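Visitor: Handing over protein23.csv, CSV, C-alpha atoms and all ligand atoms.
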```csv
chain,number,residue,atom,x,y,z
A,1352,MET,CA,-23.5,31.8,50.4
A,1353,PRO,CA,-21.8,32.8,47.2
A,1354,VAL,CA,-18.7,30.7,46.2
A,1355,PRO,CA,-15.7,33.1,46.0
A,1356,CYS,CA,-13.9,33.1,42.7
A,1357,LEU,CA,-10.7,31.2,43.2
A,1358,LYS,CA,-9.1,32.3,40.0
A,1359,PRO,CA,-7.4,35.5,41.2
A,1360,LEU,CA,-6.2,33.7,44.3
A,1361,LEU,CA,-4.7,30.9,42.3
A,1362,LEU,CA,-3.1,33.3,39.9
A,1363,ALA,CA,-1.6,35.3,42.8
A,1364,THR,CA,-0.3,32.2,44.4
A,1365,LEU,CA,1.2,31.0,41.1
A,1366,LEU,CA,2.8,34.4,40.5
A,1367,THR,CA,4.2,34.4,44.0
A,1368,VAL,CA,5.7,30.9,43.6
A,1369,GLN,CA,7.2,31.8,40.3
A,1370,SER,CA,8.7,35.1,41.5
A,1371,VAL,CA,10.1,33.4,44.6
A,1372,GLN,CA,11.6,30.7,42.5
A,1373,ALA,CA,12.9,33.3,40.0
A,1374,ALA,CA,14.4,35.4,42.8
A,1375,ALA,CA,16.0,32.7,44.9
A,1376,PRO,CA,16.9,29.4,43.3
A,1377,CYS,CA,19.9,29.0,45.6
A,1378,ALA,CA,18.0,27.9,48.7
A,1379,ASP,CA,16.5,25.1,46.7
A,1380,PHE,CA,19.7,24.2,44.9
A,1381,ALA,CA,21.7,24.1,48.1
A,1382,LEU,CA,19.2,21.7,49.6
A,1383,ARG,CA,19.2,19.4,46.6
A,1384,LEU,CA,22.8,19.5,45.3
A,1385,PRO,CA,25.8,17.8,47.0
A,1386,ASN,CA,28.8,20.0,47.9
A,1387,VAL,CA,26.9,23.2,47.0
A,1388,LYS,CA,26.5,25.6,49.8
A,1389,ARG,CA,24.1,28.5,49.3
A,1390,GLU,CA,27.1,30.9,49.2
A,1391,LEU,CA,28.6,29.0,46.2
A,1392,CYS,CA,25.3,29.2,44.3
A,1393,GLU,CA,24.8,32.9,45.1
A,1394,ALA,CA,28.4,33.7,44.1
A,1395,ALA,CA,27.5,32.1,40.7
A,1396,ARG,CA,25.1,35.0,40.1
A,1397,LEU,CA,22.8,33.0,38.0
A,1398,GLN,CA,20.6,34.9,35.6
A,1399,PRO,CA,17.1,33.7,34.6
A,1400,THR,CA,16.5,32.9,31.0
A,1401,ALA,CA,13.2,33.1,29.3
A,1402,ALA,CA,13.1,29.4,29.1
A,1403,ARG,CA,10.9,27.3,31.4
A,1404,SER,CA,10.8,23.6,32.2
A,1405,VAL,CA,7.6,21.6,31.6
A,1406,GLN,CA,6.5,22.5,35.1
A,1407,GLY,CA,7.3,26.2,34.7
A,1408,ARG,CA,10.6,26.3,36.5
A,1409,THR,CA,13.1,28.8,35.3
A,1410,LEU,CA,16.2,27.6,33.4
A,1411,TRP,CA,19.1,29.6,34.9
A,1412,MET,CA,22.4,30.4,33.4
A,1413,ARG,CA,25.6,32.4,33.9
A,1414,ASP,CA,27.6,34.0,31.3
A,1415,ILE,CA,31.3,34.9,31.9
A,1416,LYS,CA,32.5,36.9,29.0
A,1417,PRO,CA,35.8,38.7,28.4
A,1418,GLU,CA,35.9,41.8,26.3
A,1419,GLN,CA,37.1,40.1,23.1
A,1420,PRO,CA,36.2,36.4,23.3
A,1421,THR,CA,37.8,34.0,20.9
A,1422,VAL,CA,36.0,30.9,21.9
A,1423,ARG,CA,32.4,30.2,23.1
A,1424,VAL,CA,31.8,27.2,25.4
A,1425,LEU,CA,28.5,25.9,26.7
A,1426,VAL,CA,28.6,23.9,29.9
A,1427,LEU,CA,25.5,21.9,30.8
A,1428,GLY,CA,24.7,20.1,34.1
A,1429,ALA,CA,21.8,17.9,35.2
A,1430,ILE,CA,20.3,17.0,31.8
A,1431,HIS,CA,19.4,14.0,33.8
A,1432,GLY,CA,17.7,15.1,37.0
A,1433,ASP,CA,18.9,12.1,39.1
A,1434,GLU,CA,22.6,13.1,38.6
A,1435,PRO,CA,22.8,16.1,41.0
A,1436,SER,CA,26.6,15.8,41.3
A,1437,SER,CA,26.8,17.0,37.6
A,1438,ALA,CA,25.1,20.3,38.5
A,1439,ALA,CA,27.3,20.7,41.6
A,1440,VAL,CA,30.5,20.4,39.4
A,1441,ALA,CA,29.1,23.0,37.1
A,1442,PHE,CA,28.6,25.4,40.0
A,1443,HIS,CA,32.2,24.8,41.1
A,1444,TRP,CA,33.4,25.5,37.6
A,1445,VAL,CA,31.5,28.8,37.5
A,1446,ARG,CA,33.6,29.8,40.5
A,1447,LEU,CA,36.8,28.7,38.8
A,1448,ALA,CA,35.9,30.4,35.5
A,1449,ALA,CA,35.1,33.7,37.3
A,1450,GLN,CA,38.6,33.5,38.9
A,1451,LEU,CA,40.5,33.1,35.7
A,1452,PRO,CA,43.1,35.9,35.5
A,1453,VAL,CA,42.5,38.1,32.5
A,1454,GLY,CA,44.9,37.5,29.6
A,1455,SER,CA,46.5,34.4,31.0
A,1456,VAL,CA,44.4,31.9,29.1
A,1457,GLN,CA,42.2,31.7,26.0
A,1458,ALA,CA,39.6,34.5,26.0
A,1459,VAL,CA,36.6,32.2,26.6
A,1460,HIS,CA,33.0,33.2,26.6
A,1461,TRP,CA,31.6,30.7,29.1
A,1462,ARG,CA,27.9,30.0,29.3
A,1463,PHE,CA,26.9,27.7,32.2
A,1464,VAL,CA,23.5,26.1,32.6
A,1465,PRO,CA,24.1,24.1,35.8
A,1466,VAL,CA,20.6,22.6,35.9
A,1467,LEU,CA,19.0,21.8,32.6
A,1468,ASN,CA,16.3,19.5,34.0
A,1469,PRO,CA,15.1,21.1,37.2
A,1470,ASP,CA,11.8,19.2,37.2
A,1471,GLY,CA,13.7,15.9,37.3
A,1472,LEU,CA,16.1,17.2,39.9
A,1473,PHE,CA,13.3,18.5,42.2
A,1474,SER,CA,11.0,15.5,41.9
A,1475,ALA,CA,10.9,13.2,44.8
A,1476,PRO,CA,12.9,11.1,44.3
A,1477,PRO,CA,14.9,12.8,41.6
A,1478,ARG,CA,14.3,11.4,38.1
A,1479,ARG,CA,16.4,11.0,35.1
A,1480,VAL,CA,13.6,12.1,32.7
A,1481,ASN,CA,11.8,15.4,32.6
A,1482,SER,CA,8.2,16.0,33.6
A,1483,HIS,CA,6.8,14.4,30.5
A,1484,GLY,CA,8.9,11.3,31.1
A,1485,VAL,CA,11.3,12.1,28.3
A,1486,ASP,CA,15.0,11.4,28.4
A,1487,LEU,CA,16.2,14.8,27.2
A,1488,ASN,CA,19.5,13.2,26.1
A,1489,ARG,CA,17.6,11.2,23.5
A,1490,ASN,CA,15.3,14.0,22.3
A,1491,PHE,CA,17.7,15.9,20.0
A,1492,SER,CA,17.0,15.8,16.2
A,1493,THR,CA,19.6,13.4,14.9
A,1494,PRO,CA,19.0,12.1,11.3
A,1495,ASN,CA,16.4,9.4,11.0
A,1496,TRP,CA,15.3,10.1,14.6
A,1497,GLU,CA,11.7,9.1,14.0
A,1498,ARG,CA,12.8,5.5,13.1
A,1499,GLU,CA,16.0,5.0,15.0
A,1500,ALA,CA,15.2,6.6,18.4
A,1501,ARG,CA,12.0,4.6,18.8
A,1502,LEU,CA,13.7,1.4,17.4
A,1503,TYR,CA,16.6,1.8,19.8
A,1504,TRP,CA,14.3,2.4,22.7
A,1505,GLU,CA,12.2,-0.7,21.9
A,1506,LYS,CA,14.9,-3.1,21.0
A,1507,ARG,CA,18.0,-2.1,22.8
A,1508,THR,CA,16.6,-0.6,26.0
A,1509,ARG,CA,13.6,-2.9,26.1
A,1510,LYS,CA,11.3,0.1,26.5
A,1511,ASP,CA,13.2,1.3,29.6
A,1512,PRO,CA,11.0,4.2,30.8
A,1513,ARG,CA,14.1,6.1,31.9
A,1514,ARG,CA,15.2,6.3,28.3
A,1515,TRP,CA,12.0,7.2,26.5
A,1516,PRO,CA,13.1,9.5,23.7
A,1517,GLY,CA,9.7,11.3,23.4
A,1518,ASN,CA,7.2,11.4,20.6
A,1519,ARG,CA,9.2,13.6,18.3
A,1520,PRO,CA,12.6,15.3,18.3
A,1521,LEU,CA,12.9,18.5,20.3
A,1522,SER,CA,9.4,17.9,21.8
A,1523,GLU,CA,10.6,19.2,25.2
A,1524,PRO,CA,11.2,22.8,26.3
A,1525,GLU,CA,14.5,21.8,27.9
A,1526,SER,CA,15.9,20.2,24.8
A,1527,ARG,CA,14.6,23.0,22.7
A,1528,PHE,CA,16.5,25.4,25.0
A,1529,VAL,CA,19.8,23.6,24.2
A,1530,HIS,CA,18.9,23.7,20.5
A,1531,GLU,CA,18.3,27.4,20.7
A,1532,GLN,CA,21.6,27.9,22.5
A,1533,MET,CA,23.4,26.1,19.7
A,1534,ARG,CA,21.6,28.2,17.1
A,1535,ASP,CA,22.0,31.6,18.8
A,1536,PHE,CA,25.1,31.3,21.1
A,1537,LYS,CA,26.9,29.1,18.6
A,1538,PRO,CA,29.2,27.3,21.0
A,1539,GLN,CA,32.4,26.0,19.6
A,1540,LEU,CA,32.5,23.4,22.4
A,1541,ILE,CA,29.8,21.8,24.5
A,1542,VAL,CA,30.7,20.2,27.8
A,1543,SER,CA,27.8,18.0,29.1
A,1544,ILE,CA,28.2,16.7,32.6
A,1545,HIS,CA,26.6,13.4,33.7
A,1546,ALA,CA,27.2,10.5,36.2
A,1547,PRO,CA,27.8,7.8,37.3
A,1548,TYR,CA,30.0,5.9,34.8
A,1549,GLY,CA,33.3,7.4,35.7
A,1550,VAL,CA,34.6,8.0,32.2
A,1551,LEU,CA,35.0,10.6,29.6
A,1552,ASP,CA,33.3,10.5,26.2
A,1553,PHE,CA,33.7,12.6,23.2
A,1554,ASP,CA,32.0,13.3,19.9
A,1555,GLY,CA,33.2,15.8,17.3
A,1556,PRO,CA,35.6,16.9,14.7
A,1557,THR,CA,38.8,17.3,16.7
A,1558,VAL,CA,41.1,15.1,18.8
A,1559,PRO,CA,39.4,14.2,22.1
A,1560,PRO,CA,40.9,14.9,25.5
A,1561,LYS,CA,42.7,11.8,26.8
A,1562,ARG,CA,41.6,12.5,30.4
A,1563,LEU,CA,40.1,15.1,32.7
A,1564,GLY,CA,41.4,14.6,36.2
A,1565,SER,CA,41.1,11.0,37.0
A,1566,LEU,CA,38.5,10.4,34.2
A,1567,TYR,CA,39.9,8.7,31.1
A,1568,LEU,CA,38.6,8.7,27.6
A,1569,GLN,CA,36.4,5.8,26.7
A,1570,GLN,CA,34.2,6.5,23.7
A,1571,VAL,CA,31.1,4.5,24.3
A,1572,GLY,CA,29.4,4.9,21.0
A,1573,ILE,CA,26.5,7.0,19.9
A,1574,TYR,CA,22.8,7.0,20.6
A,1575,PRO,CA,19.9,8.2,18.4
A,1576,GLY,CA,18.8,11.6,19.8
A,1577,SER,CA,21.7,12.2,22.2
A,1578,LEU,CA,23.4,15.5,22.5
A,1579,GLY,CA,26.8,14.1,21.6
A,1580,ASN,CA,25.4,12.6,18.4
A,1581,TYR,CA,23.5,15.7,17.5
A,1582,GLY,CA,26.2,18.2,18.4
A,1583,GLY,CA,29.4,16.3,17.8
A,1584,VAL,CA,28.6,14.0,14.9
A,1585,HIS,CA,26.0,16.0,12.9
A,1586,SER,CA,26.4,19.7,13.8
A,1587,GLY,CA,30.2,19.8,13.9
A,1588,VAL,CA,30.4,21.1,17.5
A,1589,PRO,CA,32.7,19.1,19.7
A,1590,VAL,CA,30.9,17.6,22.7
A,1591,VAL,CA,32.8,16.5,25.7
A,1592,THR,CA,30.6,14.3,27.8
A,1593,ILE,CA,31.8,13.9,31.4
A,1594,GLU,CA,30.6,10.9,33.4
A,1595,LEU,CA,31.4,11.6,37.0
A,1596,PRO,CA,31.9,8.4,39.1
A,1597,ASN,CA,29.0,9.1,41.5
A,1598,ALA,CA,25.6,10.7,40.8
A,1599,THR,CA,25.0,11.9,44.4
A,1600,ARG,CA,28.5,12.7,45.6
A,1601,THR,CA,30.9,15.1,43.8
A,1602,PRO,CA,34.6,14.4,43.4
A,1603,ARG,CA,36.8,16.1,45.9
A,1604,ASP,CA,37.3,19.9,45.3
A,1605,ALA,CA,40.9,19.3,44.3
A,1606,GLU,CA,39.7,16.7,41.7
A,1607,ILE,CA,37.1,19.2,40.4
A,1608,GLY,CA,39.9,21.7,40.0
A,1609,GLU,CA,42.2,19.1,38.2
A,1610,MET,CA,39.4,18.3,35.8
A,1611,TRP,CA,38.9,22.0,35.1
A,1612,LEU,CA,42.6,22.6,34.5
A,1613,ASP,CA,42.8,19.6,32.1
A,1614,LEU,CA,39.8,20.9,30.2
A,1615,LEU,CA,41.5,24.3,29.8
A,1616,ARG,CA,44.8,22.7,28.7
A,1617,TRP,CA,43.0,20.6,26.1
A,1618,MET,CA,41.0,23.6,24.9
A,1619,GLY,CA,44.3,25.5,24.6
A,1620,ALA,CA,45.7,22.8,22.4
A,1621,ARG,CA,42.7,21.8,20.4
A,1622,LEU,CA,40.5,24.9,20.2
A,1623,ALA,CA,43.2,27.3,19.2
A,1624,VAL,CA,42.1,30.1,16.9
A,1625,THR,CA,44.0,32.1,14.4
A,1626,PRO,CA,44.9,35.7,15.2
A,1627,ALA,CA,42.0,36.7,13.0
A,1628,GLY,CA,39.8,35.8,15.8
A,1629,MET,CA,36.5,34.1,16.0
A,1630,ALA,CA,34.3,33.4,13.0
A,1631,GLN,CA,30.7,34.3,13.1
A,1632,PRO,CA,27.9,32.1,11.6
A,1633,GLY,CA,28.0,28.4,11.4
A,1634,TYR,CA,28.3,25.8,14.2
A,1635,PHE,CA,31.8,24.8,13.3
A,1636,ASP,CA,34.5,27.4,13.0
A,1637,SER,CA,37.0,26.1,10.4
A,1638,ARG,CA,39.7,28.2,11.9
A,1639,LEU,CA,39.6,26.0,15.0
A,1640,VAL,CA,42.8,24.3,14.0
A,1641,PRO,CA,43.9,21.0,15.4
A,1642,ALA,CA,47.3,21.2,17.2
A,1643,ALA,CA,50.2,18.7,16.6
A,1644,PRO,CA,49.2,15.1,17.2
A,1645,THR,CA,51.7,14.8,20.0
A,1646,ALA,CA,50.2,17.6,22.0
A,1647,ARG,CA,47.9,16.5,24.8
B,1,ZN,ZN,23.2,11.3,32.5
```
Spit out the file's structure as structure tokens when you get a sec.
Guide:
Amino acid sequence: MPVPCLKPLLLATLLTVQSVQAAAPCADFALRLPNVKRELCEAARLQPTAARSVQGRTLWMRDIKPEQPTVRVLVLGAIHGDEPSSAAVAFHWVRLAAQLPVGSVQAVHWRFVPVLNPDGLFSAPPRRVNSHGVDLNRNFSTPNWEREARLYWEKRTRKDPRRWPGNRPLSEPESRFVHEQMRDFKPQLIVSIHAPYGVLDFDGPTVPPKRLGSLYLQQVGIYPGSLGNYGGVHSGVPVVTIELPNATRTPRDAEIGEMWLDLLRWMGARLAVTPAGMAQPGYFDSRLVPAAPTAR
């Protein structure tokens, strides 16, 4: 009996899996993320990007853009796949950003990527690293990465497999996607959500927020290859790193709202632009003028 060719069948199955995943991420997200009902995810109206994870999962994003934006902000969740609460908070913030009354606040072009590491999130159990075992938050091309990232991993983490920086900077499609966003979208602020250390960290050229909700500023230093180091220290893009207090449980909805309002207040004080509006090329807009030191 002739052996049937399995290639078309495999291809059809693969395409079906991909199209189902591309059409309906919310069923999966609602199952995996705490405090994210399917309705909240669907209301976020995520759009597929062209980027895929190592395993071929779509990286989804949502843009919320006023007619004449003056500030661009990139919000990232779940760079580490075992921190699902970070993705959940990003979904809640999409809802809040979409509700902002026109004209009452800064004209912010928001770009949300709630789940940057879907392979880590959907592995069983969820993993910090991506499918290649790389800690994406150590894979950005900071100066002397080749020497320092490896040295740090060997000496300081004692070869912790959860913190493997990869073989070379930007070796991973997920970190390359962030790099491309920085190159093309040119955010003037990056908010990167993590857990579970319960603090606020900051890297960059302006005055950091003292607190967001009940999280207080505690700058913990910089790591070779981290996004804060790459964006805030070396590319001139302020990076607010939020460490939620719990990786698998979100803060209460009221607290998520307080953090959001504190972020907006800080942005209003620290990311003010001149009436001339928003500059174009370059990571850092020199017209982002610091407010008076007494302001929050
Ligand atoms: Zn993390």
Visitor: Could you jot down the atom CA of Gly1407 of chain A to atom CA of Ala1394 of chain A separation for me, Å, one decimal place?
Guide: 24.3 Å
Visitor: Neighbouring residues of Asp1486 of chain A were defined as those with any atom within 12 Å, considering only C-alpha atoms; residues of the same chain fewer than 4 positions away were excluded. Please report them as a compact mmCIF listing (two decimals) with C-alpha atoms, in the coordinates of the input.
Guide:
```txt
# COMPACT_ATOMS: atom_id res chain seq x y z
CA ALA A 1429 21.80 17.90 35.20
CA ILE A 1430 20.30 17.00 31.80
CA HIS A 1431 19.40 14.00 33.80
CA GLY A 1432 17.70 15.10 37.00
CA ASP A 1433 18.90 12.10 39.10
CA LEU A 1467 19.00 21.80 32.60
CA ASN A 1468 16.30 19.50 34.00
CA GLY A 1471 13.70 15.90 37.30
CA ARG A 1478 14.30 11.40 38.10
CA ARG A 1479 16.40 11.00 35.10
CA VAL A 1480 13.60 12.10 32.70
CA ASN A 1481 11.80 15.40 32.60
CA SER A 1482 8.20 16.00 33.60
CA ASN A 1490 15.30 14.00 22.30
CA PHE A 1491 17.70 15.90 20.00
CA ALA A 1500 15.20 6.60 18.40
CA TRP A 1504 14.30 2.40 22.70
CA ASP A 1511 13.20 1.30 29.60
CA PRO A 1512 11.00 4.20 30.80
CA ARG A 1513 14.10 6.10 31.90
CA ARG A 1514 15.20 6.30 28.30
CA TRP A 1515 12.00 7.20 26.50
CA PRO A 1516 13.10 9.50 23.70
CA GLY A 1517 9.70 11.30 23.40
CA ASN A 1518 7.20 11.40 20.60
CA ARG A 1519 9.20 13.60 18.30
CA PRO A 1520 12.60 15.30 18.30
CA LEU A 1521 12.90 18.50 20.30
CA SER A 1522 9.40 17.90 21.80
CA GLU A 1523 10.60 19.20 25.20
CA GLU A 1525 14.50 21.80 27.90
CA SER A 1526 15.90 20.20 24.80
CA TYR A 1574 22.80 7.00 20.60
CA PRO A 1575 19.90 8.20 18.40
CA GLY A 1576 18.80 11.60 19.80
CA SER A 1577 21.70 12.20 22.20
CA LEU A 1578 23.40 15.50 22.50
```
Visitor: Considering all atoms listed in the file, return as a list in words whatever protein or nucleic-acid residues lie within 8 Å of Val1542 of chain A, sequence-local ones (same chain, fewer than 5 positions apart) excluded.
Guide: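 Once the adjacent positions are removed, what remains is Val1424, Leu1425, Val1426, Leu1427, Val1590, Val1591, Thr1592 and Ile1593 of chain A.
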Visitor: Which residue is closest to ligand ZN 1 (chain B)? Choose from A:Phe1528, A:Phe1553, A:Tyr1548, A:Trp1617 and count only C-alpha atoms and all ligand atoms.
Guide: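 Smallest distance to ligand ZN 1 (chain B) is found for A:Tyr1548.
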Visitor: To one decimal place, how far is atom CA of Arg1527 of chain A from atom CA of Val1405 of chain A in Å?
Guide: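 Computed distance, atom CA of Arg1527 of chain A to atom CA of Val1405 of chain A, equals 11.4 Å.
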Visitor: Pick out the closest residue to ligand ZN 1 (chain B) from this set: A:Lys1388, A:Arg1501, A:His1545, A:Arg1616. Count all atoms listed in the file.
Guide: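 Checking each candidate against ligand ZN 1 (chain B), we get A:His1545 as the closest.
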Visitor: Distance atom CA of Val1464 of chain A-atom CA of Leu1447 of chain A, one decimal place?
Guide: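 Taking atom CA of Val1464 of chain A and atom CA of Leu1447 of chain A, their separation equals 14.9 Å.
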Visitor: Which one of A:Gln1457, A:Ser1543, A:Thr1508, A:Gln1450 sits closest to Gly1582 of chain A if you count all atoms listed in the file?
Guide: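 Checking each candidate against Gly1582 of chain A, we get A:Ser1543 as the closest.
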Visitor: Rank nothing, just name the residue among A:Asp1414, A:Leu1563, A:Gly1484, A:Gly1608 nearest to Trp1444 of chain A, using all atoms listed in the file.
Guide: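 That would be A:Gly1608, the residue with the smallest distance to Trp1444 of chain A.
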Visitor: Pick out the closest residue to Tyr1503 of chain A from this set: A:Ala1381, A:Gly1579, A:Val1550, A:Arg1489. Count only C-alpha atoms.
Guide: A:Arg1489
Visitor: Taking (39.7, 12.6, 26.6) in the file's own coordinates, collect the residues within 12 Å, counting all atoms listed in the file, and hand them back as a VMD selection string.
Guide: chain A and resid 1542 1550 to 1555 1557 to 1570 1589 to 1594 1610 1613 to 1614 1616 to 1618 1621 1647
Visitor: May I have the residues from that selection written out with C-alpha atoms, as an mmCIF file, in the coordinates of the input?
Guide:
```cif
data_model
loop_
_atom_site.group_PDB
_atom_site.id
_atom_site.type_symbol
_atom_site.label_atom_id
_atom_site.label_comp_id
_atom_site.auth_asym_id
_atom_site.auth_seq_id
_atom_site.Cartn_x
_atom_site.Cartn_y
_atom_site.Cartn_z
ATOM 1 C CA VAL A 1542 30.700 20.200 27.800
ATOM 2 C CA VAL A 1550 34.600 8.000 32.200
ATOM 3 C CA LEU A 1551 35.000 10.600 29.600
ATOM 4 C CA ASP A 1552 33.300 10.500 26.200
ATOM 5 C CA PHE A 1553 33.700 12.600 23.200
ATOM 6 C CA ASP A 1554 32.000 13.300 19.900
ATOM 7 C CA GLY A 1555 33.200 15.800 17.300
ATOM 8 C CA THR A 1557 38.800 17.300 16.700
ATOM 9 C CA VAL A 1558 41.100 15.100 18.800
ATOM 10 C CA PRO A 1559 39.400 14.200 22.100
ATOM 11 C CA PRO A 1560 40.900 14.900 25.500
ATOM 12 C CA LYS A 1561 42.700 11.800 26.800
ATOM 13 C CA ARG A 1562 41.600 12.500 30.400
ATOM 14 C CA LEU A 1563 40.100 15.100 32.700
ATOM 15 C CA GLY A 1564 41.400 14.600 36.200
ATOM 16 C CA SER A 1565 41.100 11.000 37.000
ATOM 17 C CA LEU A 1566 38.500 10.400 34.200
ATOM 18 C CA TYR A 1567 39.900 8.700 31.100
ATOM 19 C CA LEU A 1568 38.600 8.700 27.600
ATOM 20 C CA GLN A 1569 36.400 5.800 26.700
ATOM 21 C CA GLN A 1570 34.200 6.500 23.700
ATOM 22 C CA PRO A 1589 32.700 19.100 19.700
ATOM 23 C CA VAL A 1590 30.900 17.600 22.700
ATOM 24 C CA VAL A 1591 32.800 16.500 25.700
ATOM 25 C CA THR A 1592 30.600 14.300 27.800
ATOM 26 C CA ILE A 1593 31.800 13.900 31.400
ATOM 27 C CA GLU A 1594 30.600 10.900 33.400
ATOM 28 C CA MET A 1610 39.400 18.300 35.800
ATOM 29 C CA ASP A 1613 42.800 19.600 32.100
ATOM 30 C CA LEU A 1614 39.800 20.900 30.200
ATOM 31 C CA ARG A 1616 44.800 22.700 28.700
ATOM 32 C CA TRP A 1617 43.000 20.600 26.100
ATOM 33 C CA MET A 1618 41.000 23.600 24.900
ATOM 34 C CA ARG A 1621 42.700 21.800 20.400
ATOM 35 C CA ARG A 1647 47.900 16.500 24.800
#
```
Visitor: Nearest to ligand ZN 1 (chain B) among A:Gly1619, A:Leu1595, A:Ser1492, A:Ala1449, with distances taken over all atoms listed in the file: which residue is it?
Guide: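 Counting all atoms listed in the file, the residue closest to ligand ZN 1 (chain B) is A:Leu1595.
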Visitor: Mind rebuilding segment 1459-1476 of chain A with N, CA and C atoms and writing that out as a tab-separated table (two decimals), keeping the file's coordinate frame?
Guide:
```
chain	number	residue	atom	x	y	z
A	1459	VAL	N	37.76	33.05	26.71
A	1459	VAL	CA	36.60	32.20	26.60
A	1459	VAL	C	35.33	32.86	27.02
A	1460	HIS	N	34.35	32.83	26.19
A	1460	HIS	CA	33.00	33.20	26.60
A	1460	HIS	C	32.31	31.94	27.12
A	1461	TRP	N	32.21	31.85	28.45
A	1461	TRP	CA	31.60	30.70	29.10
A	1461	TRP	C	30.09	30.93	29.21
A	1462	ARG	N	29.31	29.93	28.93
A	1462	ARG	CA	27.90	30.00	29.30
A	1462	ARG	C	27.58	28.68	30.07
A	1463	PHE	N	27.23	28.86	31.32
A	1463	PHE	CA	26.90	27.70	32.20
A	1463	PHE	C	25.42	27.60	32.39
A	1464	VAL	N	24.92	26.39	32.22
A	1464	VAL	CA	23.50	26.10	32.60
A	1464	VAL	C	23.63	24.90	33.55
A	1465	PRO	N	23.77	25.17	34.85
A	1465	PRO	CA	24.10	24.10	35.80
A	1465	PRO	C	22.93	23.05	35.91
A	1466	VAL	N	21.69	23.51	35.76
A	1466	VAL	CA	20.60	22.60	35.90
A	1466	VAL	C	19.63	22.69	34.74
A	1467	LEU	N	19.80	21.78	33.80
A	1467	LEU	CA	19.00	21.80	32.60
A	1467	LEU	C	17.61	21.16	32.82
A	1468	ASN	N	17.56	20.23	33.75
A	1468	ASN	CA	16.30	19.50	34.00
A	1468	ASN	C	15.87	19.66	35.44
A	1469	PRO	N	15.42	20.87	35.78
A	1469	PRO	CA	15.10	21.10	37.20
A	1469	PRO	C	13.86	20.29	37.65
A	1470	ASP	N	12.94	19.98	36.73
A	1470	ASP	CA	11.80	19.20	37.20
A	1470	ASP	C	12.23	17.78	37.62
A	1471	GLY	N	13.17	17.21	36.88
A	1471	GLY	CA	13.70	15.90	37.30
A	1471	GLY	C	14.48	16.00	38.58
A	1472	LEU	N	15.26	17.07	38.71
A	1472	LEU	CA	16.10	17.20	39.90
A	1472	LEU	C	15.21	17.40	41.17
A	1473	PHE	N	14.12	18.16	41.04
A	1473	PHE	CA	13.30	18.50	42.20
A	1473	PHE	C	12.15	17.52	42.43
A	1474	SER	N	12.02	16.51	41.59
A	1474	SER	CA	11.00	15.50	41.90
A	1474	SER	C	11.44	14.65	43.02
A	1475	ALA	N	10.53	14.00	43.68
A	1475	ALA	CA	10.90	13.20	44.80
A	1475	ALA	C	10.47	11.73	44.59
A	1476	PRO	N	11.42	10.82	44.42
A	1476	PRO	CA	12.90	11.10	44.30
A	1476	PRO	C	13.22	11.70	42.98
```
